[in-house]
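Student: Sharing entry-v4.cif below, mmCIF, N, CA and C atoms:
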data_model
loop_
_atom_site.label_atom_id
_atom_site.label_comp_id
_atom_site.auth_asym_id
_atom_site.auth_seq_id
_atom_site.Cartn_x
_atom_site.Cartn_y
_atom_site.Cartn_z
N MET A 187 92.85 -201.47 141.65
CA MET A 187 93.69 -202.44 140.95
C MET A 187 94.59 -201.72 139.94
N LYS A 188 94.16 -200.57 139.45
CA LYS A 188 95.01 -199.83 138.52
C LYS A 188 96.33 -199.45 139.17
N ALA A 189 96.28 -199.07 140.44
CA ALA A 189 97.52 -198.73 141.16
C ALA A 189 98.41 -199.96 141.34
N ALA A 190 97.81 -201.11 141.61
CA ALA A 190 98.58 -202.35 141.74
C ALA A 190 99.23 -202.71 140.40
N LEU A 191 98.52 -202.48 139.31
CA LEU A 191 99.10 -202.72 137.98
C LEU A 191 100.28 -201.80 137.72
N ARG A 192 100.20 -200.56 138.18
CA ARG A 192 101.36 -199.65 138.02
C ARG A 192 102.56 -200.18 138.81
N CYS A 193 102.30 -200.76 139.97
CA CYS A 193 103.39 -201.37 140.74
C CYS A 193 103.97 -202.57 139.99
N ALA A 194 103.10 -203.35 139.35
CA ALA A 194 103.57 -204.50 138.56
C ALA A 194 104.44 -204.02 137.40
N GLU A 195 104.06 -202.90 136.78
CA GLU A 195 104.86 -202.34 135.69
C GLU A 195 106.24 -201.90 136.19
N LYS A 196 106.29 -201.40 137.42
CA LYS A 196 107.58 -201.03 138.00
C LYS A 196 108.46 -202.27 138.18
N ALA A 197 107.86 -203.36 138.63
CA ALA A 197 108.61 -204.61 138.75
C ALA A 197 109.13 -205.05 137.39
N LEU A 198 108.28 -204.94 136.38
CA LEU A 198 108.67 -205.30 135.02
C LEU A 198 109.87 -204.49 134.55
N GLU A 199 109.85 -203.19 134.81
CA GLU A 199 110.96 -202.32 134.44
C GLU A 199 112.26 -202.75 135.11
N GLU A 200 112.15 -203.34 136.29
CA GLU A 200 113.33 -203.80 137.03
C GLU A 200 113.72 -205.24 136.68
N GLY A 201 113.00 -205.84 135.72
CA GLY A 201 113.31 -207.21 135.31
C GLY A 201 112.73 -208.27 136.22
N GLU A 202 111.81 -207.88 137.08
CA GLU A 202 111.17 -208.81 138.01
C GLU A 202 109.87 -209.35 137.42
N VAL A 203 109.40 -210.45 137.98
CA VAL A 203 108.07 -210.94 137.61
C VAL A 203 107.09 -209.83 137.97
N PRO A 204 106.28 -209.39 137.01
CA PRO A 204 105.44 -208.21 137.22
C PRO A 204 104.19 -208.45 138.08
N ILE A 205 104.41 -208.37 139.37
CA ILE A 205 103.31 -208.48 140.33
C ILE A 205 103.37 -207.24 141.21
N GLY A 206 102.22 -206.63 141.41
CA GLY A 206 102.13 -205.43 142.23
C GLY A 206 101.01 -205.54 143.25
N ALA A 207 101.15 -204.75 144.33
CA ALA A 207 100.14 -204.76 145.39
C ALA A 207 100.05 -203.39 146.02
N VAL A 208 98.85 -203.05 146.47
CA VAL A 208 98.64 -201.83 147.25
C VAL A 208 97.75 -202.15 148.44
N VAL A 209 98.02 -201.50 149.56
CA VAL A 209 97.17 -201.61 150.74
C VAL A 209 96.37 -200.32 150.84
N VAL A 210 95.07 -200.48 151.08
CA VAL A 210 94.13 -199.37 151.09
C VAL A 210 93.44 -199.30 152.45
N GLN A 211 93.37 -198.10 153.00
CA GLN A 211 92.63 -197.86 154.24
C GLN A 211 91.69 -196.69 154.00
N ASP A 212 90.43 -196.89 154.31
CA ASP A 212 89.42 -195.84 154.12
C ASP A 212 89.44 -195.26 152.71
N GLY A 213 89.62 -196.13 151.73
CA GLY A 213 89.59 -195.71 150.34
C GLY A 213 90.85 -195.04 149.82
N LYS A 214 91.90 -194.96 150.65
CA LYS A 214 93.15 -194.31 150.25
C LYS A 214 94.30 -195.30 150.31
N ILE A 215 95.16 -195.24 149.30
CA ILE A 215 96.35 -196.10 149.27
C ILE A 215 97.32 -195.63 150.35
N ILE A 216 97.71 -196.56 151.22
CA ILE A 216 98.68 -196.21 152.26
C ILE A 216 100.04 -196.85 152.04
N SER A 217 100.09 -197.86 151.16
CA SER A 217 101.40 -198.45 150.84
C SER A 217 101.31 -199.20 149.51
N ARG A 218 102.48 -199.37 148.93
CA ARG A 218 102.61 -200.04 147.63
C ARG A 218 103.76 -201.04 147.71
N GLY A 219 103.69 -202.04 146.86
CA GLY A 219 104.78 -203.00 146.80
C GLY A 219 104.83 -203.66 145.44
N HIS A 220 106.00 -204.12 145.08
CA HIS A 220 106.14 -204.91 143.86
C HIS A 220 107.20 -205.98 144.08
N ASN A 221 107.15 -207.00 143.24
CA ASN A 221 108.08 -208.11 143.34
C ASN A 221 109.52 -207.61 143.30
N ARG A 222 110.37 -208.13 144.17
CA ARG A 222 111.80 -207.78 144.18
C ARG A 222 112.67 -208.99 144.52
N ARG A 223 112.17 -210.18 144.23
CA ARG A 223 112.93 -211.39 144.60
C ARG A 223 114.28 -211.45 143.93
N THR A 224 114.34 -211.14 142.64
CA THR A 224 115.61 -211.24 141.92
C THR A 224 116.58 -210.17 142.40
N LYS A 225 116.11 -208.95 142.50
CA LYS A 225 116.98 -207.85 142.92
C LYS A 225 117.53 -208.05 144.32
N ARG A 226 116.66 -208.47 145.24
CA ARG A 226 117.08 -208.62 146.64
C ARG A 226 117.61 -210.01 146.95
N GLN A 227 117.36 -210.99 146.04
CA GLN A 227 117.76 -212.38 146.26
C GLN A 227 117.23 -212.89 147.61
N ILE A 228 115.95 -212.58 147.83
CA ILE A 228 115.25 -213.01 149.04
C ILE A 228 113.94 -213.66 148.60
N ALA A 229 113.71 -214.88 149.02
CA ALA A 229 112.53 -215.64 148.60
C ALA A 229 111.22 -214.98 149.01
N THR A 230 111.23 -214.23 150.09
CA THR A 230 109.99 -213.62 150.60
C THR A 230 109.74 -212.21 150.07
N ALA A 231 110.52 -211.75 149.12
CA ALA A 231 110.38 -210.38 148.61
C ALA A 231 109.24 -210.29 147.57
N HIS A 232 108.05 -210.69 148.00
CA HIS A 232 106.86 -210.62 147.16
C HIS A 232 106.21 -209.25 147.31
N ALA A 233 105.43 -208.86 146.32
CA ALA A 233 104.75 -207.57 146.30
C ALA A 233 103.87 -207.39 147.54
N GLU A 234 103.11 -208.42 147.88
CA GLU A 234 102.19 -208.33 149.01
C GLU A 234 102.92 -208.12 150.33
N ILE A 235 104.02 -208.85 150.50
CA ILE A 235 104.80 -208.74 151.74
C ILE A 235 105.35 -207.32 151.87
N GLU A 236 105.89 -206.78 150.80
CA GLU A 236 106.41 -205.42 150.82
C GLU A 236 105.32 -204.41 151.17
N ALA A 237 104.16 -204.54 150.53
CA ALA A 237 103.06 -203.60 150.79
C ALA A 237 102.55 -203.72 152.23
N ILE A 238 102.44 -204.95 152.73
CA ILE A 238 101.97 -205.15 154.11
C ILE A 238 102.97 -204.59 155.11
N GLU A 239 104.26 -204.85 154.90
CA GLU A 239 105.29 -204.33 155.81
C GLU A 239 105.27 -202.80 155.86
N LYS A 240 105.13 -202.17 154.71
CA LYS A 240 105.08 -200.70 154.67
C LYS A 240 103.83 -200.18 155.37
N ALA A 241 102.70 -200.85 155.19
CA ALA A 241 101.46 -200.43 155.85
C ALA A 241 101.58 -200.56 157.36
N CYS A 242 102.17 -201.67 157.82
CA CYS A 242 102.35 -201.86 159.26
C CYS A 242 103.24 -200.77 159.86
N LYS A 243 104.31 -200.43 159.15
CA LYS A 243 105.19 -199.36 159.62
C LYS A 243 104.46 -198.02 159.67
N LYS A 244 103.69 -197.75 158.62
CA LYS A 244 102.96 -196.49 158.56
C LYS A 244 101.94 -196.38 159.69
N LEU A 245 101.26 -197.48 159.98
CA LEU A 245 100.23 -197.48 161.01
C LEU A 245 100.78 -197.84 162.39
N ASN A 246 102.08 -198.13 162.44
CA ASN A 246 102.75 -198.47 163.69
C ASN A 246 102.07 -199.63 164.42
N SER A 247 101.72 -200.66 163.66
CA SER A 247 101.06 -201.82 164.23
C SER A 247 101.20 -203.01 163.29
N TRP A 248 101.37 -204.19 163.85
CA TRP A 248 101.40 -205.38 163.01
C TRP A 248 100.00 -205.82 162.62
N ARG A 249 99.00 -205.25 163.28
CA ARG A 249 97.60 -205.52 162.92
C ARG A 249 97.07 -204.34 162.13
N ILE A 250 96.52 -204.64 160.95
CA ILE A 250 95.95 -203.58 160.12
C ILE A 250 94.54 -204.00 159.65
N PRO A 251 93.64 -204.22 160.63
CA PRO A 251 92.34 -204.82 160.33
C PRO A 251 91.39 -203.96 159.49
N GLY A 252 91.60 -202.68 159.44
CA GLY A 252 90.73 -201.82 158.64
C GLY A 252 91.19 -201.70 157.20
N CYS A 253 92.17 -202.50 156.82
CA CYS A 253 92.78 -202.36 155.49
C CYS A 253 92.34 -203.46 154.54
N GLU A 254 92.44 -203.12 153.27
CA GLU A 254 92.22 -204.06 152.17
C GLU A 254 93.49 -204.08 151.34
N ILE A 255 93.69 -205.16 150.62
CA ILE A 255 94.86 -205.25 149.75
C ILE A 255 94.40 -205.63 148.36
N TYR A 256 95.01 -204.99 147.38
CA TYR A 256 94.77 -205.28 145.96
C TYR A 256 96.07 -205.82 145.40
N VAL A 257 96.00 -206.96 144.75
CA VAL A 257 97.21 -207.58 144.20
C VAL A 257 96.89 -208.14 142.82
N THR A 258 97.84 -208.02 141.91
CA THR A 258 97.58 -208.37 140.51
C THR A 258 97.50 -209.86 140.25
N LEU A 259 98.04 -210.68 141.14
CA LEU A 259 97.99 -212.13 140.99
C LEU A 259 97.49 -212.74 142.28
N GLU A 260 96.74 -213.80 142.15
CA GLU A 260 96.23 -214.51 143.33
C GLU A 260 97.38 -214.79 144.31
N PRO A 261 97.20 -214.45 145.57
CA PRO A 261 98.28 -214.61 146.54
C PRO A 261 98.70 -216.06 146.74
N CYS A 262 99.99 -216.24 146.95
CA CYS A 262 100.53 -217.55 147.31
C CYS A 262 100.19 -217.81 148.79
N PRO A 263 100.35 -219.04 149.25
CA PRO A 263 100.05 -219.34 150.65
C PRO A 263 100.84 -218.48 151.65
N MET A 264 102.11 -218.18 151.35
CA MET A 264 102.90 -217.34 152.26
C MET A 264 102.29 -215.95 152.39
N CYS A 265 101.94 -215.36 151.26
CA CYS A 265 101.38 -214.00 151.28
C CYS A 265 100.00 -213.99 151.92
N LEU A 266 99.21 -215.02 151.66
CA LEU A 266 97.90 -215.11 152.30
C LEU A 266 98.08 -215.24 153.81
N GLY A 267 99.09 -215.99 154.24
CA GLY A 267 99.39 -216.10 155.67
C GLY A 267 99.74 -214.75 156.28
N ALA A 268 100.51 -213.96 155.56
CA ALA A 268 100.85 -212.61 156.05
C ALA A 268 99.61 -211.75 156.16
N MET A 269 98.71 -211.87 155.18
CA MET A 269 97.45 -211.11 155.22
C MET A 269 96.61 -211.51 156.42
N LEU A 270 96.53 -212.82 156.67
CA LEU A 270 95.79 -213.31 157.83
C LEU A 270 96.42 -212.81 159.13
N ASN A 271 97.74 -212.89 159.22
CA ASN A 271 98.42 -212.42 160.43
C ASN A 271 98.24 -210.93 160.66
N ALA A 272 98.20 -210.16 159.59
CA ALA A 272 98.03 -208.71 159.71
C ALA A 272 96.57 -208.33 159.95
N ARG A 273 95.69 -209.32 159.86
CA ARG A 273 94.25 -209.10 160.08
C ARG A 273 93.61 -208.22 159.00
N ILE A 274 94.14 -208.33 157.79
CA ILE A 274 93.58 -207.57 156.68
C ILE A 274 92.12 -208.00 156.47
N LYS A 275 91.29 -207.03 156.15
CA LYS A 275 89.85 -207.25 156.03
C LYS A 275 89.47 -207.96 154.73
N LYS A 276 90.05 -207.52 153.61
CA LYS A 276 89.65 -208.09 152.32
C LYS A 276 90.81 -208.05 151.35
N VAL A 277 90.90 -209.09 150.51
CA VAL A 277 91.89 -209.13 149.45
C VAL A 277 91.14 -209.17 148.11
N TYR A 278 91.58 -208.31 147.22
CA TYR A 278 91.11 -208.31 145.85
C TYR A 278 92.30 -208.73 145.00
N PHE A 279 92.11 -209.69 144.11
CA PHE A 279 93.21 -210.05 143.23
C PHE A 279 92.73 -210.08 141.80
N GLY A 280 93.68 -209.91 140.89
CA GLY A 280 93.38 -209.86 139.46
C GLY A 280 93.39 -211.22 138.82
N ALA A 281 94.56 -211.66 138.37
CA ALA A 281 94.70 -212.93 137.67
C ALA A 281 94.68 -214.09 138.65
N TYR A 282 94.08 -215.18 138.22
CA TYR A 282 94.10 -216.41 139.01
C TYR A 282 95.43 -217.12 138.77
N GLU A 283 95.93 -217.76 139.79
CA GLU A 283 97.17 -218.54 139.68
C GLU A 283 96.95 -219.63 138.63
N ALA A 284 97.81 -219.67 137.64
CA ALA A 284 97.66 -220.61 136.52
C ALA A 284 98.03 -222.04 136.90
N LYS A 285 98.92 -222.19 137.84
CA LYS A 285 99.40 -223.51 138.24
C LYS A 285 98.55 -224.05 139.39
N GLY A 286 97.89 -225.14 139.16
CA GLY A 286 97.15 -225.77 140.25
C GLY A 286 95.81 -225.12 140.54
N ARG A 287 95.14 -225.67 141.52
CA ARG A 287 93.81 -225.24 141.91
C ARG A 287 93.89 -224.06 142.85
N SER A 288 93.00 -223.11 142.66
CA SER A 288 92.94 -221.93 143.52
C SER A 288 92.42 -222.31 144.91
N MET A 289 93.17 -221.95 145.93
CA MET A 289 92.77 -222.26 147.30
C MET A 289 92.59 -221.00 148.14
N THR A 290 92.79 -219.84 147.57
CA THR A 290 92.79 -218.60 148.33
C THR A 290 91.52 -218.41 149.13
N ALA A 291 90.36 -218.49 148.49
CA ALA A 291 89.09 -218.24 149.18
C ALA A 291 88.85 -219.28 150.27
N GLU A 292 89.19 -220.54 149.99
CA GLU A 292 88.98 -221.60 150.98
C GLU A 292 89.85 -221.40 152.22
N ILE A 293 91.12 -221.08 152.02
CA ILE A 293 92.02 -220.86 153.16
C ILE A 293 91.60 -219.61 153.94
N ALA A 294 91.28 -218.54 153.22
CA ALA A 294 90.95 -217.27 153.86
C ALA A 294 89.70 -217.34 154.71
N SER A 295 88.80 -218.25 154.41
CA SER A 295 87.55 -218.35 155.17
C SER A 295 87.48 -219.61 156.03
N SER A 296 88.58 -220.30 156.17
CA SER A 296 88.62 -221.57 156.90
C SER A 296 88.26 -221.40 158.37
N ASN A 297 87.55 -222.38 158.91
CA ASN A 297 87.20 -222.37 160.33
C ASN A 297 88.37 -222.75 161.23
N ILE A 298 89.47 -223.17 160.66
CA ILE A 298 90.62 -223.55 161.49
C ILE A 298 91.47 -222.34 161.86
N LEU A 299 91.15 -221.19 161.31
CA LEU A 299 91.94 -219.97 161.56
C LEU A 299 91.17 -219.03 162.48
N ASN A 300 91.91 -218.17 163.18
CA ASN A 300 91.26 -217.23 164.09
C ASN A 300 90.86 -215.93 163.41
N HIS A 301 91.15 -215.79 162.15
CA HIS A 301 90.78 -214.60 161.39
C HIS A 301 90.35 -215.04 160.00
N LYS A 302 89.39 -214.34 159.46
CA LYS A 302 88.93 -214.64 158.10
C LYS A 302 89.09 -213.40 157.24
N ILE A 303 89.36 -213.63 155.98
CA ILE A 303 89.52 -212.53 155.02
C ILE A 303 88.50 -212.73 153.91
N GLU A 304 87.81 -211.67 153.56
CA GLU A 304 86.96 -211.72 152.38
C GLU A 304 87.87 -211.74 151.15
N VAL A 305 87.47 -212.45 150.12
CA VAL A 305 88.28 -212.58 148.91
C VAL A 305 87.42 -212.29 147.69
N GLU A 306 87.96 -211.47 146.81
CA GLU A 306 87.32 -211.25 145.51
C GLU A 306 88.38 -211.38 144.43
N GLY A 307 88.23 -212.38 143.60
CA GLY A 307 89.19 -212.62 142.54
C GLY A 307 88.66 -212.20 141.18
N GLY A 308 89.56 -212.06 140.24
CA GLY A 308 89.19 -211.72 138.87
C GLY A 308 88.97 -210.24 138.61
N VAL A 309 89.49 -209.38 139.50
CA VAL A 309 89.36 -207.94 139.32
C VAL A 309 90.35 -207.49 138.24
N MET A 310 89.85 -206.93 137.16
CA MET A 310 90.69 -206.56 136.02
C MET A 310 91.56 -207.73 135.59
N GLU A 311 90.96 -208.90 135.60
CA GLU A 311 91.68 -210.15 135.36
C GLU A 311 92.46 -210.16 134.06
N ALA A 312 91.85 -209.71 132.98
CA ALA A 312 92.52 -209.77 131.67
C ALA A 312 93.80 -208.95 131.66
N LYS A 313 93.75 -207.74 132.19
CA LYS A 313 94.96 -206.88 132.21
C LYS A 313 96.03 -207.46 133.12
N CYS A 314 95.59 -207.96 134.27
CA CYS A 314 96.56 -208.53 135.21
C CYS A 314 97.22 -209.79 134.64
N ALA A 315 96.44 -210.60 133.95
CA ALA A 315 96.98 -211.82 133.35
C ALA A 315 97.88 -211.50 132.17
N GLN A 316 97.53 -210.47 131.41
CA GLN A 316 98.29 -210.13 130.19
C GLN A 316 99.72 -209.71 130.50
N ILE A 317 99.91 -208.89 131.53
CA ILE A 317 101.27 -208.43 131.86
C ILE A 317 102.15 -209.61 132.25
N LEU A 318 101.57 -210.58 132.95
CA LEU A 318 102.33 -211.78 133.33
C LEU A 318 102.61 -212.66 132.12
N SER A 319 101.60 -212.85 131.29
CA SER A 319 101.76 -213.67 130.09
C SER A 319 102.82 -213.09 129.16
N ASP A 320 102.78 -211.78 128.96
CA ASP A 320 103.78 -211.13 128.11
C ASP A 320 105.18 -211.30 128.68
N PHE A 321 105.32 -211.13 129.99
CA PHE A 321 106.62 -211.27 130.64
C PHE A 321 107.20 -212.67 130.41
N PHE A 322 106.39 -213.70 130.67
CA PHE A 322 106.90 -215.06 130.54
C PHE A 322 107.13 -215.45 129.09
N SER A 323 106.32 -214.94 128.17
CA SER A 323 106.56 -215.19 126.74
C SER A 323 107.89 -214.60 126.31
N GLU A 324 108.14 -213.39 126.73
CA GLU A 324 109.41 -212.72 126.40
C GLU A 324 110.59 -213.45 127.03
N MET A 325 110.42 -213.91 128.25
CA MET A 325 111.49 -214.63 128.93
C MET A 325 111.81 -215.94 128.19
N ARG A 326 110.79 -216.66 127.77
CA ARG A 326 111.02 -217.91 127.03
C ARG A 326 111.70 -217.63 125.70
N LYS A 327 111.31 -216.55 125.05
CA LYS A 327 111.92 -216.17 123.76
C LYS A 327 113.41 -215.85 123.97
N ARG A 328 113.75 -215.12 125.03
CA ARG A 328 115.15 -214.78 125.32
C ARG A 328 115.95 -216.04 125.62
N ASP A 329 115.33 -216.98 126.34
CA ASP A 329 116.03 -218.21 126.70
C ASP A 329 116.36 -219.07 125.50
N LYS A 330 115.54 -218.98 124.44
CA LYS A 330 115.79 -219.74 123.23
C LYS A 330 116.96 -219.17 122.42
N ASP A 331 117.16 -217.88 122.52
CA ASP A 331 118.22 -217.20 121.73
C ASP A 331 119.60 -217.46 122.25
#
How does the structure come out when it is put into structure tokens?
Tutor:
Amino acid sequence: MKAALRCAEKALEEGEVPIGAVVVQDGKIISRGHNRRTKRQIATAHAEIEAIEKACKKLNSWRIPGCEIYVTLEPCPMCLGAMLNARIKKVYFGAYEAKGRSMTAEIASSNILNHKIEVEGGVMEAKCAQILSDFFSEMRKRDKD
């Protein structure tokens, strides 16, 4: 998760919402990603999508079943869908999504899907939540000025 936080810091430096992700295979990071929605003006430019795409290219396969992903914020449904499609084995996330009820674990283990993902939330939760909280506090302060 420390590596995912470094990716989130890179997003922060670029003025993006600070979310970072890394894909790990056999205990080694094989790809990294961070939020780039504002820079790229693409709705799908999430940290997880970037990290998954890079991992697929590196492994030359759209299926990466031996991989795990670490992400600083609980994945949105789109990103969880990408994880399911890529056949990722496990997702670790830091901060829980503040808006609404968390559905990640329920969706990832649902019997209606042909693949299941193990989910572990709250990894380094305080640090992951703090970088987001600081970002949005600063943004609100700038908007008032």
Student: What's the separation between atom N of A:Glu236 and atom C of A:Lys285, in Å to one decimal place?
Tutor: 22.0 Å
Student: Give me, please, the distance in Å between atom CA of A:Arg218 and atom CA of A:Arg249, quoted to one decimal.
Tutor: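 Going from atom CA of A:Arg218 over to atom CA of A:Arg249, I get 17.0 Å.
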Student: Skipping near chain neighbours, those fewer than 3 positions away, what residues fall within 10 Å of stretch 197-211 of chain A using only C-alpha atoms, listed as a ChimeraX atom specification?
Tutor: /A:187-194,214-225,232-242,250-260,274-279,314-315,317-322,325
Student: Do you have the atom N of A:Glu304-atom N of A:Ala231 distance handy?
Tutor: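 Value for the atom N of A:Glu304-atom N of A:Ala231 distance: 23.1 Å.
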Student: Write out as number ranges by chain all residues of chain A that DSSP puts in alpha helix (DSSP H) for this structure's backbone.
Tutor: A: 188-199, 223-226, 233-245, 263-272, 290-294, 311-330
Student: Please return as a list in words: the residues of stretch 217-330 of chain A that backbone DSSP assigns to strand (DSSP E or B).
Tutor: Ser217, Arg218, Gly219, His220, Cys253, Glu254, Ile255, Tyr256, Val257, Thr258, Leu259, Lys276, Val277, Tyr278, Phe279, Gly280, Ala281, Glu304, Val305 and Glu306 of chain A
Student: What would the file look like if the residues just selected were written as a short mmCIF file (atom, residue, chain, number, x, y, z; two decimals), in the frame of the given file with N, CA and C atoms?
Tutor:
data_model
loop_
_atom_site.label_atom_id
_atom_site.label_comp_id
_atom_site.auth_asym_id
_atom_site.auth_seq_id
_atom_site.Cartn_x
_atom_site.Cartn_y
_atom_site.Cartn_z
N SER A 217 100.09 -197.86 151.16
CA SER A 217 101.40 -198.45 150.84
C SER A 217 101.31 -199.20 149.51
N ARG A 218 102.48 -199.37 148.93
CA ARG A 218 102.61 -200.04 147.63
C ARG A 218 103.76 -201.04 147.71
N GLY A 219 103.69 -202.04 146.86
CA GLY A 219 104.78 -203.00 146.80
C GLY A 219 104.83 -203.66 145.44
N HIS A 220 106.00 -204.12 145.08
CA HIS A 220 106.14 -204.91 143.86
C HIS A 220 107.20 -205.98 144.08
N CYS A 253 92.17 -202.50 156.82
CA CYS A 253 92.78 -202.36 155.49
C CYS A 253 92.34 -203.46 154.54
N GLU A 254 92.44 -203.12 153.27
CA GLU A 254 92.22 -204.06 152.17
C GLU A 254 93.49 -204.08 151.34
N ILE A 255 93.69 -205.16 150.62
CA ILE A 255 94.86 -205.25 149.75
C ILE A 255 94.40 -205.63 148.36
N TYR A 256 95.01 -204.99 147.38
CA TYR A 256 94.77 -205.28 145.96
C TYR A 256 96.07 -205.82 145.40
N VAL A 257 96.00 -206.96 144.75
CA VAL A 257 97.21 -207.58 144.20
C VAL A 257 96.89 -208.14 142.82
N THR A 258 97.84 -208.02 141.91
CA THR A 258 97.58 -208.37 140.51
C THR A 258 97.50 -209.86 140.25
N LEU A 259 98.04 -210.68 141.14
CA LEU A 259 97.99 -212.13 140.99
C LEU A 259 97.49 -212.74 142.28
N LYS A 276 90.05 -207.52 153.61
CA LYS A 276 89.65 -208.09 152.32
C LYS A 276 90.81 -208.05 151.35
N VAL A 277 90.90 -209.09 150.51
CA VAL A 277 91.89 -209.13 149.45
C VAL A 277 91.14 -209.17 148.11
N TYR A 278 91.58 -208.31 147.22
CA TYR A 278 91.11 -208.31 145.85
C TYR A 278 92.30 -208.73 145.00
N PHE A 279 92.11 -209.69 144.11
CA PHE A 279 93.21 -210.05 143.23
C PHE A 279 92.73 -210.08 141.80
N GLY A 280 93.68 -209.91 140.89
CA GLY A 280 93.38 -209.86 139.46
C GLY A 280 93.39 -211.22 138.82
N ALA A 281 94.56 -211.66 138.37
CA ALA A 281 94.70 -212.93 137.67
C ALA A 281 94.68 -214.09 138.65
N GLU A 304 87.81 -211.67 153.56
CA GLU A 304 86.96 -211.72 152.38
C GLU A 304 87.87 -211.74 151.15
N VAL A 305 87.47 -212.45 150.12
CA VAL A 305 88.28 -212.58 148.91
C VAL A 305 87.42 -212.29 147.69
N GLU A 306 87.96 -211.47 146.81
CA GLU A 306 87.32 -211.25 145.51
C GLU A 306 88.38 -211.38 144.43
#
Student: How big is the axis-aligned box, and where does its centre sit, when it encloses all atoms of stretch 296-311 of chain A listed in the file and has 6 Å added on every side, reported in Å to one decimal as AutoDock Vina command-line options?
Tutor:
--center_x 89.7 --center_y -215.1 --center_z 149.1 --size_x 17.5 --size_y 29.0 --size_z 42.0
Student: Just checking: using only N, CA and C atoms, which residue out of A:Leu270, A:Glu195, A:Ser247, A:Gly307 ends up closest to A:Tyr282?
Tutor: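 Result for the nearest residue to A:Tyr282: A:Gly307.
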